[in-house]
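Trainee: If you scroll down you'll find the structure; I have some questions about it.
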Amino acid sequence: AQSVAQPEDQVNVAEGNPLTVKCTYSVSGNPYLFWYVQYPNRGLQFLLKYITGDNLVKGSYGFEAEFNKSQTSFHLKKPSALVSDSALYFCAVRDMGGTYKYIFGTGTRLKVLA
Amino acid sequence: EAQVTQNPRYLITVTGKKLTVTCSQNMNHEYMSWYRQDPGLGLRQIYYSMNVEVTDKGDVPEGYKVSRKEKRNFPLILESPSPNQTSLYFCASCAASGRRTSTDTQYFGPGTRLTVL
């Protein structure tokens, strides 16, 4: 069965420091991987995705993610965190077994401290 | 403006009283989906639809029904709500993969907070 794990419930980082939010996955076949962000009292917003090609994917708001097939990881990164980046981040994978099921991780709350 | 709308945004009801949460999108997307968000469990997919009259179960379909009679609408029906269905519900849509304009990017509605007493 396909799954996504976000091992950290919360990540704290000082403003201006680099941030990493971790995600590992388990799928059969080639994965479609996504990161979404949820600000308080809002729906989820798309940040970036990996379908194929370059392992380093750039997305919205200066975020990027690195696809690592050998480690089955898709960690979200940003070189310099902003207080406004504080939010709940979800990693997701799309089932590539002929369905359109999406599996989301449990979410990681990012807190950027001024 | 491209958007996914949900109604109502907030609903408090009692056990057993049938309810419907509506979802509508104006992007002509083929794919639509319902999720529930619970603390510590993230988002879990309830049902999805790949096109009109085509629906399929997600990971947590028990106690829910859906229909897709029109491309833009995908209502979520709780025939006999129970307290364990108290949750935050999200509808989402995206263009179907395979089309040249497809992005596989889901657009989410603002959420419906449901409380079942």
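Residue numbering restarts at 1 for every chain of the structure tokens, chains are lettered A, B, ... in their displayed order, and ligands are numbered from 1 as they appear.
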Which residues of chain A have any atom within 12 Å of an atom in chain B when counting only C-alpha atoms, and what is the closest pair of atoms for each, with the distance in Å to one decimal? Order the rows by chain and rising number and write it as a tab-separated table.

Mentor:
residue	atom	partner	partner_atom	distance
A:Ala1	CA	B:Asp59	CA	11.2
A:Gln2	CA	B:Asp59	CA	11.3
A:Ser3	CA	B:Asp59	CA	11.5
A:Val4	CA	B:Gly42	CA	10.6
A:Ala5	CA	B:Gly42	CA	10.5
A:Gln6	CA	B:Gly42	CA	9.9
A:Pro7	CA	B:Gly40	CA	11.5
A:Glu8	CA	B:Gly40	CA	11.1
A:Asp9	CA	B:Gly40	CA	8.3
A:Gln10	CA	B:Gly40	CA	11.4
A:Tyr32	CA	B:Asp104	CA	8.8
A:Leu33	CA	B:Asp104	CA	10.0
A:Phe34	CA	B:Thr105	CA	8.4
A:Trp35	CA	B:Thr105	CA	10.0
A:Tyr36	CA	B:Gln106	CA	9.4
A:Val37	CA	B:Phe108	CA	10.9
A:Gln38	CA	B:Phe108	CA	10.2
A:Tyr39	CA	B:Pro110	CA	10.8
A:Pro40	CA	B:Pro110	CA	10.8
A:Asn41	CA	B:Pro110	CA	7.9
A:Arg42	CA	B:Pro110	CA	5.5
A:Gly43	CA	B:Pro110	CA	4.5
A:Leu44	CA	B:Phe108	CA	5.7
A:Gln45	CA	B:Phe108	CA	6.9
A:Phe46	CA	B:Thr105	CA	6.8
A:Leu47	CA	B:Thr105	CA	9.3
A:Leu48	CA	B:Thr105	CA	8.6
A:Lys49	CA	B:Thr105	CA	8.0
A:Tyr50	CA	B:Asp104	CA	10.2
A:Ile51	CA	B:Asp104	CA	9.1
A:Leu88	CA	B:Gly42	CA	10.0
A:Tyr89	CA	B:Gly42	CA	9.9
A:Phe90	CA	B:Gly42	CA	7.8
A:Cys91	CA	B:Gly42	CA	9.8
A:Ala92	CA	B:Leu43	CA	9.4
A:Val93	CA	B:Asp104	CA	10.9
A:Arg94	CA	B:Asp104	CA	9.0
A:Asp95	CA	B:Gly58	CA	11.0
A:Met96	CA	B:Ser97	CA	11.0
A:Gly98	CA	B:Ser97	CA	11.0
A:Thr99	CA	B:Asp56	CA	8.9
A:Tyr100	CA	B:Met50	CA	7.4
A:Lys101	CA	B:Gly58	CA	6.4
A:Tyr102	CA	B:Gln45	CA	6.9
A:Ile103	CA	B:Arg44	CA	7.0
A:Phe104	CA	B:Leu43	CA	5.7
A:Gly105	CA	B:Gly42	CA	5.9
A:Thr106	CA	B:Gly42	CA	3.7
A:Gly107	CA	B:Gly42	CA	5.6
A:Thr108	CA	B:Gly42	CA	9.2
A:Arg109	CA	B:Gly40	CA	11.0

Trainee: Counting only C-alpha atoms, figure out which residue out of A:Ser84, A:Asn12, A:Asn30, A:Thr24 gets nearest to Glu66 of chain A.

Mentor: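 Using only C-alpha atoms, the shortest distance to Glu66 of chain A belongs to A:Thr24.
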
Trainee: Excluding segment 70-79 of chain A and any residue of its chain fewer than 3 positions from it, enumerate the residues within 7 Å of it, using only C-alpha atoms, and give them as an mmCIF file with N, CA, C and O atoms, in the first residue's frame.

Mentor:
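What follows is the written file selection19.cif:
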data_model
loop_
_atom_site.group_PDB
_atom_site.id
_atom_site.type_symbol
_atom_site.label_atom_id
_atom_site.label_comp_id
_atom_site.auth_asym_id
_atom_site.auth_seq_id
_atom_site.Cartn_x
_atom_site.Cartn_y
_atom_site.Cartn_z
ATOM 1 N N ASN A 17 17.103 31.663 8.918
ATOM 2 C CA ASN A 17 17.814 30.383 8.831
ATOM 3 C C ASN A 17 17.177 29.488 7.779
ATOM 4 O O ASN A 17 15.987 29.640 7.450
ATOM 5 N N PRO A 18 17.947 28.525 7.257
ATOM 6 C CA PRO A 18 17.350 27.577 6.309
ATOM 7 C C PRO A 18 16.393 26.633 7.036
ATOM 8 O O PRO A 18 16.564 26.353 8.224
ATOM 9 N N LEU A 19 15.371 26.180 6.316
ATOM 10 C CA LEU A 19 14.422 25.255 6.904
ATOM 11 C C LEU A 19 14.304 23.998 6.045
ATOM 12 O O LEU A 19 14.489 24.042 4.831
ATOM 13 N N THR A 20 14.007 22.899 6.729
ATOM 14 C CA THR A 20 13.728 21.624 6.047
ATOM 15 C C THR A 20 12.536 20.985 6.726
ATOM 16 O O THR A 20 12.495 20.880 7.950
ATOM 17 N N VAL A 21 11.579 20.551 5.933
ATOM 18 C CA VAL A 21 10.447 19.776 6.422
ATOM 19 C C VAL A 21 10.519 18.427 5.710
ATOM 20 O O VAL A 21 10.522 18.361 4.486
ATOM 21 N N LYS A 22 10.545 17.361 6.501
ATOM 22 C CA LYS A 22 10.855 16.046 5.944
ATOM 23 C C LYS A 22 9.619 15.279 5.494
ATOM 24 O O LYS A 22 8.537 15.400 6.093
ATOM 25 N N CYS A 23 9.823 14.492 4.452
ATOM 26 C CA CYS A 23 8.765 13.627 3.925
ATOM 27 C C CYS A 23 9.406 12.397 3.315
ATOM 28 O O CYS A 23 10.354 12.507 2.537
ATOM 29 N N THR A 24 8.903 11.237 3.680
ATOM 30 C CA THR A 24 9.313 10.000 3.019
ATOM 31 C C THR A 24 8.063 9.305 2.504
ATOM 32 O O THR A 24 6.961 9.520 3.015
ATOM 33 N N TYR A 25 8.220 8.487 1.499
ATOM 34 C CA TYR A 25 7.065 7.881 0.856
ATOM 35 C C TYR A 25 7.337 6.416 0.563
ATOM 36 O O TYR A 25 8.487 5.968 0.516
ATOM 37 N N SER A 26 6.265 5.718 0.329
ATOM 38 C CA SER A 26 6.345 4.322 -0.097
ATOM 39 C C SER A 26 5.298 4.120 -1.180
ATOM 40 O O SER A 26 4.099 4.272 -0.919
ATOM 41 N N GLY A 62 9.492 30.744 -2.847
ATOM 42 C CA GLY A 62 10.898 30.446 -2.606
ATOM 43 C C GLY A 62 11.179 29.042 -2.091
ATOM 44 O O GLY A 62 12.315 28.729 -1.750
ATOM 45 N N PHE A 63 10.151 28.220 -2.018
ATOM 46 C CA PHE A 63 10.344 26.839 -1.568
ATOM 47 C C PHE A 63 10.882 25.960 -2.693
ATOM 48 O O PHE A 63 10.626 26.222 -3.868
ATOM 49 N N GLU A 64 11.591 24.918 -2.293
ATOM 50 C CA GLU A 64 12.054 23.906 -3.225
ATOM 51 C C GLU A 64 12.029 22.560 -2.515
ATOM 52 O O GLU A 64 11.936 22.494 -1.283
ATOM 53 N N ALA A 65 12.092 21.500 -3.300
ATOM 54 C CA ALA A 65 12.093 20.160 -2.711
ATOM 55 C C ALA A 65 13.009 19.285 -3.537
ATOM 56 O O ALA A 65 13.121 19.436 -4.755
ATOM 57 N N GLU A 66 13.647 18.359 -2.850
ATOM 58 C CA GLU A 66 14.579 17.462 -3.519
ATOM 59 C C GLU A 66 14.044 16.045 -3.497
ATOM 60 O O GLU A 66 13.804 15.471 -2.422
ATOM 61 N N PHE A 67 13.852 15.482 -4.669
ATOM 62 C CA PHE A 67 13.417 14.105 -4.801
ATOM 63 C C PHE A 67 14.630 13.201 -4.723
ATOM 64 O O PHE A 67 15.597 13.373 -5.471
#

Trainee: I need the residue nearest Ala87 of chain A from this list: A:Val11, A:Leu56, A:Ala114, A:Val27. Use only C-alpha atoms for the distance.

Mentor: A:Val11

Trainee: If I take atom CA of Gln6 of chain B and atom CA of Leu76 of chain B, how far is one from the other in Å, to one decimal?

Mentor: 10.2 Å

Trainee: Skip Gly16 of chain A itself and residues of its chain fewer than 5 positions away, then list as a PyMOL selection string all residues within 8 Å of it, counting only C-alpha atoms.

Mentor: chain A and resi 79-82

Trainee: Have a look at atom CA of Asn26 of chain B and atom CA of Asn73 of chain B and let me know their distance in Å, one decimal.

Mentor: 9.2 Å

Trainee: Excluding Val116 of chain B and residues on its chain fewer than 3 positions from it, collect all residues at most 8 Å away from it, counting only C-alpha atoms, and give them as number ranges by chain.

Mentor: B: 12-15, 81-86

Trainee: Pull all heavy atoms from the residues just selected and write them as a PDB file, in the first residue's frame.

Mentor:
ATOM      1  N   ILE B  12     -23.458  22.767  12.624  1.00  0.00           N
ATOM      2  CA  ILE B  12     -23.636  21.973  13.829  1.00  0.00           C
ATOM      3  C   ILE B  12     -24.953  21.238  13.665  1.00  0.00           C
ATOM      4  O   ILE B  12     -25.984  21.864  13.387  1.00  0.00           O
ATOM      5  CB  ILE B  12     -23.663  22.853  15.091  1.00  0.00           C
ATOM      6  CG1 ILE B  12     -22.351  23.628  15.228  1.00  0.00           C
ATOM      7  CG2 ILE B  12     -23.913  22.003  16.345  1.00  0.00           C
ATOM      8  CD1 ILE B  12     -22.335  24.630  16.369  1.00  0.00           C
ATOM      9  N   THR B  13     -24.931  19.933  13.846  1.00  0.00           N
ATOM     10  CA  THR B  13     -26.130  19.133  13.655  1.00  0.00           C
ATOM     11  C   THR B  13     -26.189  18.054  14.736  1.00  0.00           C
ATOM     12  O   THR B  13     -25.322  17.975  15.609  1.00  0.00           O
ATOM     13  CB  THR B  13     -26.143  18.512  12.256  1.00  0.00           C
ATOM     14  OG1 THR B  13     -27.412  17.907  12.011  1.00  0.00           O
ATOM     15  CG2 THR B  13     -25.060  17.449  12.106  1.00  0.00           C
ATOM     16  N   VAL B  14     -27.224  17.251  14.665  1.00  0.00           N
ATOM     17  CA  VAL B  14     -27.398  16.185  15.648  1.00  0.00           C
ATOM     18  C   VAL B  14     -27.295  14.831  14.973  1.00  0.00           C
ATOM     19  O   VAL B  14     -27.507  14.687  13.764  1.00  0.00           O
ATOM     20  CB  VAL B  14     -28.747  16.308  16.380  1.00  0.00           C
ATOM     21  CG1 VAL B  14     -28.781  17.579  17.211  1.00  0.00           C
ATOM     22  CG2 VAL B  14     -29.909  16.270  15.400  1.00  0.00           C
ATOM     23  N   THR B  15     -26.999  13.838  15.758  1.00  0.00           N
ATOM     24  CA  THR B  15     -26.849  12.474  15.248  1.00  0.00           C
ATOM     25  C   THR B  15     -28.094  12.046  14.483  1.00  0.00           C
ATOM     26  O   THR B  15     -29.222  12.227  14.950  1.00  0.00           O
ATOM     27  CB  THR B  15     -26.600  11.511  16.423  1.00  0.00           C
ATOM     28  OG1 THR B  15     -25.381  11.892  17.070  1.00  0.00           O
ATOM     29  CG2 THR B  15     -26.491  10.081  15.943  1.00  0.00           C
ATOM     30  N   PRO B  81     -25.547  11.122  10.108  1.00  0.00           N
ATOM     31  CA  PRO B  81     -24.281  11.546  10.716  1.00  0.00           C
ATOM     32  C   PRO B  81     -24.119  11.026  12.141  1.00  0.00           C
ATOM     33  O   PRO B  81     -25.105  10.893  12.896  1.00  0.00           O
ATOM     34  CB  PRO B  81     -24.363  13.069  10.709  1.00  0.00           C
ATOM     35  CG  PRO B  81     -25.401  13.400   9.701  1.00  0.00           C
ATOM     36  CD  PRO B  81     -26.374  12.260   9.703  1.00  0.00           C
ATOM     37  N   SER B  82     -22.876  10.757  12.496  1.00  0.00           N
ATOM     38  CA  SER B  82     -22.551  10.325  13.849  1.00  0.00           C
ATOM     39  C   SER B  82     -21.432  11.213  14.384  1.00  0.00           C
ATOM     40  O   SER B  82     -20.721  11.868  13.598  1.00  0.00           O
ATOM     41  CB  SER B  82     -22.115   8.860  13.865  1.00  0.00           C
ATOM     42  OG  SER B  82     -20.933   8.703  13.094  1.00  0.00           O
ATOM     43  N   PRO B  83     -21.261  11.257  15.704  1.00  0.00           N
ATOM     44  CA  PRO B  83     -20.240  12.144  16.287  1.00  0.00           C
ATOM     45  C   PRO B  83     -18.835  11.904  15.736  1.00  0.00           C
ATOM     46  O   PRO B  83     -18.029  12.845  15.683  1.00  0.00           O
ATOM     47  CB  PRO B  83     -20.319  11.822  17.775  1.00  0.00           C
ATOM     48  CG  PRO B  83     -21.749  11.443  17.984  1.00  0.00           C
ATOM     49  CD  PRO B  83     -22.124  10.662  16.752  1.00  0.00           C
ATOM     50  N   ASN B  84     -18.509  10.691  15.316  1.00  0.00           N
ATOM     51  CA  ASN B  84     -17.158  10.443  14.791  1.00  0.00           C
ATOM     52  C   ASN B  84     -16.956  11.037  13.393  1.00  0.00           C
ATOM     53  O   ASN B  84     -15.855  10.939  12.814  1.00  0.00           O
ATOM     54  CB  ASN B  84     -16.793   8.951  14.818  1.00  0.00           C
ATOM     55  CG  ASN B  84     -17.658   8.121  13.894  1.00  0.00           C
ATOM     56  OD1 ASN B  84     -18.401   8.647  13.058  1.00  0.00           O
ATOM     57  ND2 ASN B  84     -17.580   6.806  14.026  1.00  0.00           N
ATOM     58  N   GLN B  85     -17.987  11.654  12.851  1.00  0.00           N
ATOM     59  CA  GLN B  85     -17.845  12.382  11.591  1.00  0.00           C
ATOM     60  C   GLN B  85     -17.647  13.887  11.813  1.00  0.00           C
ATOM     61  O   GLN B  85     -17.569  14.652  10.847  1.00  0.00           O
ATOM     62  CB  GLN B  85     -19.053  12.131  10.681  1.00  0.00           C
ATOM     63  CG  GLN B  85     -19.111  10.682  10.214  1.00  0.00           C
ATOM     64  CD  GLN B  85     -20.325  10.388   9.354  1.00  0.00           C
ATOM     65  OE1 GLN B  85     -21.465  10.509   9.814  1.00  0.00           O
ATOM     66  NE2 GLN B  85     -20.091  10.002   8.120  1.00  0.00           N
ATOM     67  N   THR B  86     -17.547  14.269  13.072  1.00  0.00           N
ATOM     68  CA  THR B  86     -17.158  15.639  13.387  1.00  0.00           C
ATOM     69  C   THR B  86     -15.741  15.857  12.862  1.00  0.00           C
ATOM     70  O   THR B  86     -14.812  15.138  13.237  1.00  0.00           O
ATOM     71  CB  THR B  86     -17.206  15.870  14.908  1.00  0.00           C
ATOM     72  OG1 THR B  86     -18.565  15.809  15.339  1.00  0.00           O
ATOM     73  CG2 THR B  86     -16.602  17.224  15.273  1.00  0.00           C
TER      74      THR B  86
END

Trainee: Would you mind writing down, as number ranges by chain, each residue of chain B that DSSP on the backbone assigns to strand (DSSP E)?

Mentor: B: 4-7, 10-13, 19-25, 31-38, 42-51, 54-57, 65-66, 76-78, 87-94, 107-108, 112-116

Trainee: Between atom CA of Thr22 of chain B and atom CA of Ile77 of chain B, what distance in Å does the model show, to one decimal?

Mentor: 8.6 Å
